[in-house]
Each structure stands twice: as structure tokens, then as C-alpha cells.
file entry09.txt (compact mmCIF, C-alpha atoms)
# COMPACT_ATOMS: atom_id res chain seq x y z
CA MET E 131 67.50 30.34 -3.53
CA LYS E 132 64.50 28.80 -5.23
CA LYS E 133 62.64 26.00 -3.49
CA SER E 134 62.75 23.86 -6.60
CA LYS E 135 66.56 24.01 -6.75
CA ILE E 136 66.82 22.85 -3.16
CA PHE E 137 64.22 20.12 -3.72
CA TYR E 138 65.97 18.80 -6.84
CA GLY E 139 69.32 19.12 -5.08
CA PHE E 140 68.03 16.83 -2.34
CA ILE E 141 66.75 14.35 -4.95
CA GLY E 142 70.13 14.56 -6.70
CA LEU E 143 71.90 13.73 -3.43
CA PHE E 144 69.71 10.65 -3.08
CA LEU E 145 70.64 9.54 -6.61
CA ILE E 146 74.33 10.21 -5.99
CA GLY E 147 74.03 8.13 -2.82
CA CYS E 148 72.51 5.31 -4.89
CA LEU E 149 75.42 5.48 -7.31
CA PHE E 150 77.95 5.40 -4.47
CA GLY E 151 76.14 2.45 -2.89
CA VAL E 152 76.25 0.51 -6.16
CA LEU E 153 79.93 1.36 -6.69
CA ILE E 154 80.90 0.38 -3.14
CA ALA E 155 78.94 -2.87 -3.45
CA ARG E 156 80.74 -3.68 -6.71
CA ALA E 157 84.19 -2.65 -5.48
CA ALA E 158 83.90 -4.45 -2.14
CA PRO E 159 81.19 -7.12 -2.33
CA GLU E 160 82.16 -8.55 1.07
CA SER E 161 81.59 -5.14 2.68
CA ALA E 162 78.25 -4.81 0.92
CA GLU E 163 77.23 -8.26 2.11
CA SER E 164 78.26 -7.35 5.66
CA MET E 165 76.25 -4.08 5.50
CA PHE E 166 73.26 -5.91 4.08
CA SER E 167 73.52 -8.56 6.80
CA ASN E 168 73.61 -5.81 9.45
CA LEU E 169 70.50 -4.22 7.94
CA ARG E 170 68.71 -7.56 7.89
CA ASN E 171 69.63 -8.20 11.55
CA PHE E 172 68.54 -4.69 12.52
CA PHE E 173 65.05 -5.20 11.06
CA ARG E 174 64.71 -8.90 11.95
CA GLY E 175 63.23 -8.20 15.39
CA THR E 176 60.69 -5.77 13.95
CA ILE E 177 59.63 -7.10 10.58
CA GLY E 178 60.02 -10.46 8.93
CA GLU E 179 58.64 -12.63 6.19
CA ASN E 180 55.56 -13.50 8.27
CA THR E 181 54.70 -9.89 9.19
CA ASP E 182 51.12 -9.05 8.25
CA LYS E 183 50.60 -6.18 5.82
CA PHE E 184 49.05 -3.81 8.35
CA SER E 185 51.94 -4.26 10.80
CA LEU E 186 54.37 -3.71 7.94
CA PHE E 187 52.47 -0.57 6.89
CA THR E 188 52.50 0.88 10.41
CA PHE E 189 56.19 0.06 10.92
CA ILE E 190 57.15 1.69 7.61
CA PHE E 191 54.98 4.76 8.21
CA PHE E 192 56.19 5.42 11.76
CA ASN E 193 59.83 4.78 10.88
CA ASN E 194 59.67 7.08 7.85
CA SER E 195 57.71 9.70 9.81
CA ARG E 196 60.46 9.78 12.41
CA VAL E 197 63.06 10.31 9.68
CA ALA E 198 60.93 13.06 8.07
CA ILE E 199 60.57 14.88 11.40
CA ILE E 200 64.33 14.71 11.95
CA SER E 201 64.82 15.97 8.39
CA ALA E 202 62.41 18.89 8.87
CA ILE E 203 63.85 19.97 12.20
CA GLY E 204 67.42 19.34 11.07
CA GLY E 205 66.84 21.28 7.86
CA VAL E 206 67.13 24.47 9.88
CA LEU E 207 70.86 23.66 10.14
CA PHE E 208 71.60 24.86 6.59
CA GLY E 209 69.98 21.75 5.10
CA ILE E 210 72.83 19.50 6.22
CA VAL E 211 70.66 16.97 8.06
CA PRO E 212 68.17 16.28 5.23
CA ALA E 213 71.04 16.22 2.72
CA GLY E 214 72.75 13.56 4.81
CA ILE E 215 69.54 11.59 5.27
CA LEU E 216 68.80 11.53 1.55
CA PHE E 217 72.38 10.66 0.60
CA PHE E 218 72.51 7.86 3.19
CA ASN E 219 69.13 6.46 2.11
CA GLY E 220 70.35 6.48 -1.48
CA PHE E 221 73.56 4.77 -0.42
CA ILE E 222 71.60 1.99 1.29
CA VAL E 223 69.29 1.60 -1.71
CA GLY E 224 72.32 1.36 -4.01
CA ILE E 225 73.94 -1.31 -1.84
CA VAL E 226 70.70 -3.31 -1.63
CA LEU E 227 70.10 -3.03 -5.39
CA GLU E 228 73.60 -4.19 -6.25
CA TYR E 229 73.59 -6.91 -3.61
CA PHE E 230 70.38 -8.49 -4.93
CA HIS E 231 71.43 -7.97 -8.54
CA SER E 232 74.70 -9.80 -7.81
CA GLN E 233 72.60 -12.62 -6.29
CA GLY E 234 70.80 -13.07 -9.62
CA GLU E 235 67.71 -10.89 -9.19
CA SER E 236 66.62 -9.14 -12.37
CA PHE E 237 67.17 -5.40 -12.45
CA LEU E 238 63.57 -4.91 -13.59
CA GLN E 239 62.21 -6.80 -10.60
CA LEU E 240 64.43 -4.77 -8.26
CA LEU E 241 63.15 -1.53 -9.75
CA LEU E 242 59.57 -2.76 -9.42
CA ALA E 243 60.28 -3.45 -5.74
CA ILE E 244 61.41 0.14 -5.19
CA ILE E 245 59.74 2.52 -7.63
CA PRO E 246 56.04 2.13 -6.68
CA HIS E 247 56.53 3.47 -3.16
CA GLY E 248 59.85 5.25 -3.73
CA ILE E 249 58.24 7.70 -6.12
CA LEU E 250 56.38 9.13 -3.11
CA GLU E 251 58.77 8.29 -0.28
CA ILE E 252 61.97 9.95 -1.51
CA PRO E 253 60.30 13.23 -2.55
CA ALA E 254 58.53 13.23 0.84
CA PHE E 255 61.89 13.28 2.62
CA ALA E 256 63.01 16.08 0.30
CA VAL E 257 59.81 18.05 1.06
CA ALA E 258 60.34 17.63 4.81
CA GLY E 259 63.95 18.77 4.50
CA LEU E 260 62.94 21.67 2.30
CA GLY E 261 60.56 22.77 5.04
CA GLY E 262 63.47 22.91 7.44
CA VAL E 263 65.56 24.90 4.99
CA GLU E 264 62.63 27.30 4.56
CA TRP E 265 62.60 27.70 8.33
CA TYR E 266 66.31 28.59 8.25
CA PHE E 267 65.80 31.13 5.44
CA GLU E 268 62.91 32.71 7.29
CA ILE E 269 65.03 33.14 10.41
CA VAL E 270 67.94 34.62 8.45
CA ARG E 271 66.11 36.65 5.77
CA GLY E 272 62.57 37.12 7.07
CA ARG E 273 60.94 40.26 8.36
CA GLY E 274 60.10 41.08 11.94
CA THR E 275 61.72 40.27 15.24
CA LEU E 276 63.80 37.14 15.67
CA ARG E 277 60.89 35.55 17.53
CA GLU E 278 58.45 36.37 14.70
CA ARG E 279 60.86 35.07 12.04
CA PHE E 280 61.46 31.89 14.06
CA LEU E 281 57.72 31.23 14.46
CA ASN E 282 56.92 32.08 10.82
CA GLY E 283 59.65 29.71 9.66
CA PHE E 284 58.48 27.03 12.05
CA ILE E 285 54.91 27.30 10.72
CA LYS E 286 56.16 27.03 7.11
CA SER E 287 58.27 24.04 8.06
CA MET E 288 55.40 22.28 9.81
CA ARG E 289 53.08 22.80 6.81
CA MET E 290 55.64 21.15 4.58
CA LEU E 291 56.12 18.39 7.16
CA VAL E 292 52.38 17.69 7.11
CA LEU E 293 52.54 17.37 3.31
CA ALA E 294 55.54 15.05 3.65
CA LEU E 295 53.71 12.91 6.24
CA ILE E 296 50.69 12.58 3.93
CA MET E 297 53.04 11.49 1.14
CA LEU E 298 54.70 9.01 3.51
CA LEU E 299 51.33 7.61 4.58
CA LEU E 300 50.50 6.92 0.93
CA ALA E 301 54.00 5.54 0.28
CA ALA E 302 53.71 3.15 3.24
CA LEU E 303 50.34 1.92 1.99
CA VAL E 304 51.83 1.33 -1.45
CA GLU E 305 54.93 -0.34 0.00
CA ALA E 306 52.99 -2.72 2.22
CA TYR E 307 50.07 -3.57 -0.06
CA ILE E 308 50.92 -2.78 -3.70
CA THR E 309 54.70 -3.03 -4.18
CA PRO E 310 54.87 -6.76 -3.31
CA MET E 311 52.21 -7.52 -5.95
CA VAL E 312 53.91 -5.35 -8.58
CA ALA E 313 57.36 -6.80 -7.85
CA SER E 314 56.02 -10.35 -8.18
CA LEU E 315 54.77 -9.71 -11.72
CA VAL E 316 58.23 -10.26 -13.20

call {"tool": "encode", "arguments": {"input": "entry09.txt", "output": "C-alpha cells"}}
result
Amino acid sequence: MKKSKIFYGFIGLFLIGCLFGVLIARAAPESAESMFSNLRNFFRGTIGENTDKFSLFTFIFFNNSRVAIISAIGGVLFGIVPAGILFFNGFIVGIVLEYFHSQGESFLQLLLAIIPHGILEIPAFAVAGLGGVEWYFEIVRGRGTLRERFLNGFIKSMRMLVLALIMLLLAALVEAYITPMVASLV
């Protein structure tokens, strides 16, 4: 299977998750509000309105790096883990978008609060997951002993993880420093 098909499949799962999140939030607004409240409470102890930009940047980067590592290592399980991660992230984004839209926020402002960093962040998760899937394919279809195939796949996966982490570093910088300015323009 081509890498690009897997990559775009992961991106598609994120978008499908967004759609499901929006639909759930519309169909059951009280459930969406409860989920959003749980998310807010979860992050309240870590980040808040008074969090300085550097602390926000480091929190975002380390949190997303953890997810990317899980995605890369879990990708070796037929791609199920990164597929679930991307779908779930999309689901949360969809709920948050619909929740704020239902509270009167403009759709343009919501997109401006997500797109600047999301254009790097979501593909980074897909790249990390793709690395794990490459690891799986190398184990199953590669040449050499099982040990050699495992190590070759691991090396391929880690190279893609490094790329994903660089993308996430840039995305965290954008999210902490640039996205708030862009979102406030509307």
C-alpha cells in the first residue's frame, strides 16, 4: 500500500471524526456541553487564561509529542492506534467547534483559532502513525531475519517520528504565539 494513501486515510479519519463531533454536538447539545466541561476541567490545572505563552508552548509540545510517540509505536498494530487517535482528535475538534459556534462565535473566528497550527499538527500525527505502519510493513514484508526486519522498521518509524516532532514543535510555536493573534483579527 502506498504511503500517501495511508497518510490521506489518516487525515480523512480526522475529518470524519470532526464531522461526527459536530453531529453529536448538534444532536445532543447537553452531552457536548458536558464533554466540553470535562475537557475544560481536565486542562484547568495545567493551563488557564493567565498561562504565559512559553508555558503554553511547552505544555502543547510535550502533550502532542506524547501522543505522536504513542501513535508511532501503536502504528505497528496495523495502524489501529493512530487511526483511533486521529479520529478521536477530530471528534473533539468537532465538538469544540460546534459548542463555540452554538454559543455565538463566528465560524471564521473558530477556523482561525484552529487552522494556523492545525495545518501542521494534524499531519504530524498522521506522519507519526504512518511511521508505525511502515514499521509493521517492514516486519511483515521486509527482507532479512525477523530481527533485521524489526530493526529496519523501527529505524524507519523513528525517522518519521523525528519529522513529526519537528512539525509538532513548529505547530506548538504557532499555537502559543501566532494563533491567538490571528484568531483575534475577526

call {"tool": "atom_distance", "arguments": {"input": "entry09.txt", "atom1": "atom CA of E:Phe140", "atom2": "atom CA of E:Ile210"}}
result
10.2 Å

call {"tool": "atom_distance", "arguments": {"input": "entry09.txt", "atom1": "atom CA of E:Glu264", "atom2": "atom CA of E:Phe221"}}
result
25.5 Å

call {"tool": "closest_residue", "arguments": {"input": "entry09.txt", "among": "E:His247, E:Lys286, E:Leu169, E:Ile146", "to": "E:Ala306", "atoms": "all atoms listed in the file"}}
result
E:His247

call {"tool": "closest_residue", "arguments": {"input": "entry09.txt", "among": "E:Phe237, E:Gly262, E:Leu293, E:Tyr307", "to": "E:Ile200", "atoms": "all atoms listed in the file"}}
result
E:Gly262

call {"tool": "residues_around", "arguments": {"input": "entry09.txt", "residues": "stretch 269-280 of chain E", "least_positions_apart": "6", "cutoff": "12 Å", "atoms": "all atoms listed in the file", "output": "list of chain:residue names"}}
result
E:Met131, E:Val206, E:Leu207, E:Phe208, E:Gly262, E:Val263, E:Lys286, E:Ser287

call {"tool": "write_last_selection", "arguments": {"input": "entry09.txt", "atoms": "C-alpha atoms", "output": "tab-separated table (two decimals), in the frame of the given file"}}
result
chain	number	residue	atom	x	y	z
E	131	MET	CA	67.50	30.34	-3.53
E	206	VAL	CA	67.13	24.47	9.88
E	207	LEU	CA	70.86	23.66	10.14
E	208	PHE	CA	71.60	24.86	6.59
E	262	GLY	CA	63.47	22.91	7.44
E	263	VAL	CA	65.56	24.90	4.99
E	286	LYS	CA	56.16	27.03	7.11
E	287	SER	CA	58.27	24.04	8.06

call {"tool": "build_atoms", "arguments": {"input": "entry09.txt", "residues": "stretch 260-271 of chain E", "atoms": "all heavy atoms", "output": "PDB file, in the coordinates of the input"}}
result
ATOM      1  N   LEU E 260      63.142  20.342   2.871  1.00  0.00           N
ATOM      2  CA  LEU E 260      62.940  21.670   2.300  1.00  0.00           C
ATOM      3  C   LEU E 260      62.205  22.571   3.278  1.00  0.00           C
ATOM      4  O   LEU E 260      62.515  23.759   3.397  1.00  0.00           O
ATOM      5  CB  LEU E 260      62.167  21.554   0.979  1.00  0.00           C
ATOM      6  CG  LEU E 260      61.845  22.852   0.247  1.00  0.00           C
ATOM      7  CD1 LEU E 260      63.117  23.620  -0.084  1.00  0.00           C
ATOM      8  CD2 LEU E 260      61.057  22.547  -1.014  1.00  0.00           C
ATOM      9  N   GLY E 261      61.260  22.000   4.009  1.00  0.00           N
ATOM     10  CA  GLY E 261      60.560  22.770   5.040  1.00  0.00           C
ATOM     11  C   GLY E 261      61.525  23.304   6.079  1.00  0.00           C
ATOM     12  O   GLY E 261      61.435  24.456   6.513  1.00  0.00           O
ATOM     13  N   GLY E 262      62.476  22.478   6.485  1.00  0.00           N
ATOM     14  CA  GLY E 262      63.470  22.910   7.440  1.00  0.00           C
ATOM     15  C   GLY E 262      64.375  24.005   6.892  1.00  0.00           C
ATOM     16  O   GLY E 262      64.736  24.958   7.590  1.00  0.00           O
ATOM     17  N   VAL E 263      64.731  23.874   5.626  1.00  0.00           N
ATOM     18  CA  VAL E 263      65.560  24.900   4.990  1.00  0.00           C
ATOM     19  C   VAL E 263      64.782  26.212   4.884  1.00  0.00           C
ATOM     20  O   VAL E 263      65.337  27.297   5.111  1.00  0.00           O
ATOM     21  CB  VAL E 263      66.055  24.431   3.596  1.00  0.00           C
ATOM     22  CG1 VAL E 263      66.766  25.548   2.852  1.00  0.00           C
ATOM     23  CG2 VAL E 263      66.965  23.217   3.745  1.00  0.00           C
ATOM     24  N   GLU E 264      63.483  26.108   4.576  1.00  0.00           N
ATOM     25  CA  GLU E 264      62.630  27.300   4.560  1.00  0.00           C
ATOM     26  C   GLU E 264      62.610  27.971   5.930  1.00  0.00           C
ATOM     27  O   GLU E 264      62.612  29.204   6.039  1.00  0.00           O
ATOM     28  CB  GLU E 264      61.198  26.928   4.153  1.00  0.00           C
ATOM     29  CG  GLU E 264      61.025  26.696   2.687  1.00  0.00           C
ATOM     30  CD  GLU E 264      61.077  27.997   1.917  1.00  0.00           C
ATOM     31  OE1 GLU E 264      60.329  28.939   2.220  1.00  0.00           O
ATOM     32  OE2 GLU E 264      61.897  28.057   0.988  1.00  0.00           O
ATOM     33  N   TRP E 265      62.571  27.192   6.960  1.00  0.00           N
ATOM     34  CA  TRP E 265      62.600  27.700   8.330  1.00  0.00           C
ATOM     35  C   TRP E 265      63.894  28.493   8.550  1.00  0.00           C
ATOM     36  O   TRP E 265      63.886  29.610   9.055  1.00  0.00           O
ATOM     37  CB  TRP E 265      62.506  26.528   9.280  1.00  0.00           C
ATOM     38  CG  TRP E 265      62.359  26.819  10.746  1.00  0.00           C
ATOM     39  CD1 TRP E 265      62.208  28.039  11.355  1.00  0.00           C
ATOM     40  CD2 TRP E 265      62.343  25.853  11.787  1.00  0.00           C
ATOM     41  NE1 TRP E 265      62.107  27.885  12.708  1.00  0.00           N
ATOM     42  CE2 TRP E 265      62.178  26.548  13.002  1.00  0.00           C
ATOM     43  CE3 TRP E 265      62.442  24.478  11.812  1.00  0.00           C
ATOM     44  CZ2 TRP E 265      62.131  25.905  14.232  1.00  0.00           C
ATOM     45  CZ3 TRP E 265      62.379  23.834  13.038  1.00  0.00           C
ATOM     46  CH2 TRP E 265      62.227  24.544  14.230  1.00  0.00           C
ATOM     47  N   TYR E 266      65.012  27.911   8.138  1.00  0.00           N
ATOM     48  CA  TYR E 266      66.310  28.590   8.250  1.00  0.00           C
ATOM     49  C   TYR E 266      66.291  29.920   7.497  1.00  0.00           C
ATOM     50  O   TYR E 266      66.699  30.954   8.030  1.00  0.00           O
ATOM     51  CB  TYR E 266      67.425  27.686   7.725  1.00  0.00           C
ATOM     52  CG  TYR E 266      68.705  28.423   7.441  1.00  0.00           C
ATOM     53  CD1 TYR E 266      69.526  28.840   8.483  1.00  0.00           C
ATOM     54  CD2 TYR E 266      69.097  28.720   6.140  1.00  0.00           C
ATOM     55  CE1 TYR E 266      70.695  29.528   8.239  1.00  0.00           C
ATOM     56  CE2 TYR E 266      70.262  29.407   5.879  1.00  0.00           C
ATOM     57  CZ  TYR E 266      71.062  29.812   6.935  1.00  0.00           C
ATOM     58  OH  TYR E 266      72.217  30.508   6.685  1.00  0.00           O
ATOM     59  N   PHE E 267      65.830  29.897   6.237  1.00  0.00           N
ATOM     60  CA  PHE E 267      65.800  31.130   5.440  1.00  0.00           C
ATOM     61  C   PHE E 267      64.900  32.182   6.058  1.00  0.00           C
ATOM     62  O   PHE E 267      65.200  33.375   6.001  1.00  0.00           O
ATOM     63  CB  PHE E 267      65.373  30.844   3.994  1.00  0.00           C
ATOM     64  CG  PHE E 267      66.474  30.256   3.147  1.00  0.00           C
ATOM     65  CD1 PHE E 267      66.202  29.214   2.281  1.00  0.00           C
ATOM     66  CD2 PHE E 267      67.770  30.739   3.221  1.00  0.00           C
ATOM     67  CE1 PHE E 267      67.200  28.670   1.498  1.00  0.00           C
ATOM     68  CE2 PHE E 267      68.782  30.203   2.438  1.00  0.00           C
ATOM     69  CZ  PHE E 267      68.509  29.157   1.568  1.00  0.00           C
ATOM     70  N   GLU E 268      63.809  31.754   6.639  1.00  0.00           N
ATOM     71  CA  GLU E 268      62.910  32.710   7.290  1.00  0.00           C
ATOM     72  C   GLU E 268      63.591  33.356   8.493  1.00  0.00           C
ATOM     73  O   GLU E 268      63.458  34.565   8.705  1.00  0.00           O
ATOM     74  CB  GLU E 268      61.612  32.012   7.711  1.00  0.00           C
ATOM     75  CG  GLU E 268      60.564  32.937   8.285  1.00  0.00           C
ATOM     76  CD  GLU E 268      60.009  33.929   7.280  1.00  0.00           C
ATOM     77  OE1 GLU E 268      59.933  33.613   6.077  1.00  0.00           O
ATOM     78  OE2 GLU E 268      59.629  35.048   7.708  1.00  0.00           O
ATOM     79  N   ILE E 269      64.313  32.578   9.256  1.00  0.00           N
ATOM     80  CA  ILE E 269      65.030  33.140  10.410  1.00  0.00           C
ATOM     81  C   ILE E 269      66.082  34.135   9.950  1.00  0.00           C
ATOM     82  O   ILE E 269      66.215  35.232  10.502  1.00  0.00           O
ATOM     83  CB  ILE E 269      65.701  32.011  11.243  1.00  0.00           C
ATOM     84  CG1 ILE E 269      64.643  31.156  11.931  1.00  0.00           C
ATOM     85  CG2 ILE E 269      66.665  32.593  12.277  1.00  0.00           C
ATOM     86  CD1 ILE E 269      65.192  29.875  12.561  1.00  0.00           C
ATOM     87  N   VAL E 270      66.818  33.797   8.907  1.00  0.00           N
ATOM     88  CA  VAL E 270      67.940  34.620   8.450  1.00  0.00           C
ATOM     89  C   VAL E 270      67.473  35.820   7.614  1.00  0.00           C
ATOM     90  O   VAL E 270      67.991  36.927   7.771  1.00  0.00           O
ATOM     91  CB  VAL E 270      68.933  33.756   7.634  1.00  0.00           C
ATOM     92  CG1 VAL E 270      70.025  34.607   7.022  1.00  0.00           C
ATOM     93  CG2 VAL E 270      69.526  32.681   8.512  1.00  0.00           C
ATOM     94  N   ARG E 271      66.493  35.609   6.737  1.00  0.00           N
ATOM     95  CA  ARG E 271      66.110  36.650   5.770  1.00  0.00           C
ATOM     96  C   ARG E 271      64.717  37.229   5.973  1.00  0.00           C
ATOM     97  O   ARG E 271      64.318  38.136   5.250  1.00  0.00           O
ATOM     98  CB  ARG E 271      66.166  36.067   4.356  1.00  0.00           C
ATOM     99  CG  ARG E 271      67.522  35.602   3.937  1.00  0.00           C
ATOM    100  CD  ARG E 271      67.449  35.055   2.542  1.00  0.00           C
ATOM    101  NE  ARG E 271      68.738  34.513   2.127  1.00  0.00           N
ATOM    102  CZ  ARG E 271      68.913  33.749   1.096  1.00  0.00           C
ATOM    103  NH1 ARG E 271      67.882  33.402   0.354  1.00  0.00           N
ATOM    104  NH2 ARG E 271      70.111  33.301   0.783  1.00  0.00           N
TER     105      ARG E 271
END
